[in-house]
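Asks: Got a structure for you, written out below as structure tokens; questions coming shortly.
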Amino acid sequence: MRPFSLGDATDVQRLAGDRSIAVTTMTIPHPYEDGMAEDWIAGHETASRDGKAFALAMVLRDEGALVGCIGLKIDRQHDKAELGYWVGKPFWNFGYATEAAQALVDYGFRELALNRVHAAHMARNPSSGRVMEKIGMRLEGTAREDLKKWGRYEDLVSYAILRHDWMNA
């Protein structure tokens, strides 16, 4: 994992712009038009500097190819963060999201002194839930028809891990 650079914009647009990625996320637009990736990457520095959020590029170790994105949205008042991620379709089912999510949760508890890390996925994206389970998150519940994506109401499945759960794992 590493910070994004403007040089990643073409790959971000290509990978995140795939309809199969956008359809199960709330924040990725479709179509992913020219300039959107550059604007998104340019906003990272301010959010990171302010301690509110950070997004990291998931890349292949050897060749450095962009795989996807993972990040934390931090709530300092309550010592918690929301974990979010996406993985480009050519890289599905290789364990990249699980590896990156585990590393980021570990960082959140060790370095950011968080007490809780939570995440959620649309019910029709169970693969994302499996990532959350593999890193020790516990199912907290399903908010029925909590979101509306492209005119369709979506159930949102929530998971979390607490510091003491992480320490005892």
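Ligands are numbered from 1 in the order shown, residues from 1 within each chain, and chains are lettered A, B, ... in the order they appear in the structure tokens.
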For Gln13 (chain A), find every residue with an atom within 8 Å (counting only C-alpha atoms), except residues of its own chain fewer than 2 positions away, and show them as an MDAnalysis selection string.
Replies: chainID A and resid 9:11 15:17 32:34 36:37
Asks: I'd like the contact shell of Ile21 (chain A) - 8 Å cut-off, only C-alpha atoms, skipping same-chain residues fewer than 5 positions apart - returned as a ChimeraX atom specification.
Replies: /A:15-16,28,86-89
Asks: Please produce an output containing all heavy atoms for each residue in the selection, written as an mmCIF file, in the first residue's frame.
Replies:
```cif
data_model
loop_
_atom_site.group_PDB
_atom_site.id
_atom_site.type_symbol
_atom_site.label_atom_id
_atom_site.label_comp_id
_atom_site.auth_asym_id
_atom_site.auth_seq_id
_atom_site.Cartn_x
_atom_site.Cartn_y
_atom_site.Cartn_z
ATOM 1 N N LEU A 15 -10.138 1.069 -13.591
ATOM 2 C CA LEU A 15 -10.561 0.029 -12.649
ATOM 3 C C LEU A 15 -11.856 0.390 -11.924
ATOM 4 O O LEU A 15 -12.799 -0.395 -11.890
ATOM 5 C CB LEU A 15 -9.452 -0.249 -11.626
ATOM 6 C CG LEU A 15 -8.174 -0.877 -12.183
ATOM 7 C CD1 LEU A 15 -7.089 -0.908 -11.112
ATOM 8 C CD2 LEU A 15 -8.449 -2.275 -12.713
ATOM 9 N N ALA A 16 -11.881 1.576 -11.321
ATOM 10 C CA ALA A 16 -13.077 1.986 -10.576
ATOM 11 C C ALA A 16 -14.229 2.288 -11.521
ATOM 12 O O ALA A 16 -15.395 2.219 -11.125
ATOM 13 C CB ALA A 16 -12.768 3.197 -9.701
ATOM 14 N N ILE A 28 -18.540 5.666 -5.759
ATOM 15 C CA ILE A 28 -17.877 5.610 -7.065
ATOM 16 C C ILE A 28 -18.910 5.889 -8.149
ATOM 17 O O ILE A 28 -19.910 5.189 -8.255
ATOM 18 C CB ILE A 28 -17.194 4.247 -7.280
ATOM 19 C CG1 ILE A 28 -16.072 4.074 -6.255
ATOM 20 C CG2 ILE A 28 -16.646 4.147 -8.701
ATOM 21 C CD1 ILE A 28 -15.368 2.745 -6.323
ATOM 22 N N TRP A 86 -12.151 -0.860 -2.417
ATOM 23 C CA TRP A 86 -12.606 -1.452 -3.673
ATOM 24 C C TRP A 86 -11.405 -2.098 -4.347
ATOM 25 O O TRP A 86 -10.266 -1.666 -4.145
ATOM 26 C CB TRP A 86 -13.301 -0.442 -4.598
ATOM 27 C CG TRP A 86 -12.482 0.744 -5.035
ATOM 28 C CD1 TRP A 86 -12.476 1.988 -4.474
ATOM 29 C CD2 TRP A 86 -11.550 0.799 -6.122
ATOM 30 N NE1 TRP A 86 -11.603 2.810 -5.130
ATOM 31 C CE2 TRP A 86 -11.029 2.113 -6.161
ATOM 32 C CE3 TRP A 86 -11.125 -0.125 -7.070
ATOM 33 C CZ2 TRP A 86 -10.086 2.515 -7.101
ATOM 34 C CZ3 TRP A 86 -10.179 0.282 -8.013
ATOM 35 C CH2 TRP A 86 -9.679 1.587 -8.022
ATOM 36 N N VAL A 87 -11.681 -3.139 -5.100
ATOM 37 C CA VAL A 87 -10.630 -3.867 -5.817
ATOM 38 C C VAL A 87 -11.057 -3.982 -7.270
ATOM 39 O O VAL A 87 -12.201 -4.339 -7.562
ATOM 40 C CB VAL A 87 -10.420 -5.277 -5.210
ATOM 41 C CG1 VAL A 87 -9.430 -6.086 -6.034
ATOM 42 C CG2 VAL A 87 -9.959 -5.179 -3.765
ATOM 43 N N GLY A 88 -10.147 -3.663 -8.176
ATOM 44 C CA GLY A 88 -10.429 -3.784 -9.606
ATOM 45 C C GLY A 88 -10.778 -5.216 -9.976
ATOM 46 O O GLY A 88 -10.193 -6.172 -9.449
ATOM 47 N N LYS A 89 -11.719 -5.368 -10.875
ATOM 48 C CA LYS A 89 -12.245 -6.699 -11.239
ATOM 49 C C LYS A 89 -11.159 -7.701 -11.641
ATOM 50 O O LYS A 89 -11.234 -8.869 -11.260
ATOM 51 C CB LYS A 89 -13.291 -6.554 -12.341
ATOM 52 C CG LYS A 89 -14.076 -7.808 -12.575
ATOM 53 C CD LYS A 89 -15.245 -7.571 -13.508
ATOM 54 C CE LYS A 89 -16.038 -8.851 -13.695
ATOM 55 N NZ LYS A 89 -17.206 -8.635 -14.555
#
```
Asks: Measure the distance from CA of Met137 (chain A) to CA of Pro3 (chain A) in Å and round it to one decimal.
Replies: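 Separating CA of Met137 (chain A) from CA of Pro3 (chain A) is a distance of 25.0 Å.
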Asks: Considering only C-alpha atoms, state which residue in the set A:Leu156, A:Leu114, A:Met26, A:Ala103 is at the smallest distance from Arg144 (chain A).
Replies: A:Leu156
Asks: Do a neighbour search on Thr24 (chain A) at 9 Å with only C-alpha atoms, toss out local chain neighbours closer than 6 positions, and write the hits as an MDAnalysis selection string.
Replies: chainID A and resid 121:122 124:125 149
Asks: Of the candidates A:Leu66, A:Ala160, A:Glu99, A:Glu145, which one gets nearest to Arg116 (chain A) if we count only C-alpha atoms?
Replies: A:Ala160
Asks: In terms of the shortest atom-to-atom distance over only C-alpha atoms, which of A:Phe54, A:Trp92, A:Phe109, A:Trp150 is closest to Asp165 (chain A)?
Replies: A:Phe109
Asks: Closest to Gly136 (chain A) among A:Arg61, A:Arg110, A:Lys73, A:His118, using only C-alpha atoms?
Replies: A:His118
Asks: Just the number, please: distance in Å from CA of Arg14 (chain A) to CA of Leu60 (chain A), one decimal.
Replies: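 Straight-line distance from CA of Arg14 (chain A) to CA of Leu60 (chain A) works out to 16.6 Å.
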Asks: Of the candidates A:Asp106, A:Glu140, A:Asp146, A:Glu63, which shows the shortest atom-to-atom distance to Arg163 (chain A), using only C-alpha atoms?
Replies: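 The shortest atom-to-atom distance to Arg163 (chain A) comes from A:Asp106.
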Asks: Got a sec: who's within 10 Å of region 127-134 of chain A, counting only C-alpha atoms, leaving out chain neighbours fewer than 6 positions off, as a PyMOL selection string?
Replies: chain A and resi 24+83-86+92-93+95-102+118-121+157-161
Asks: Could you find all residues in chain A that DSSP calls strand (DSSP E or B) from the backbone, and write them as a VMD selection string?
Replies: chain A and resid 2 to 3 53 to 59 66 to 75 80 to 87 116 to 122 138 to 149 152 to 162
Asks: Name the closest residue to His44 (chain A) among the candidates A:Gly108, A:Gly7, A:Pro90, A:Gly71; distances are taken between atoms, counting only C-alpha atoms.
Replies: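 Nearest to His44 (chain A): A:Gly71.
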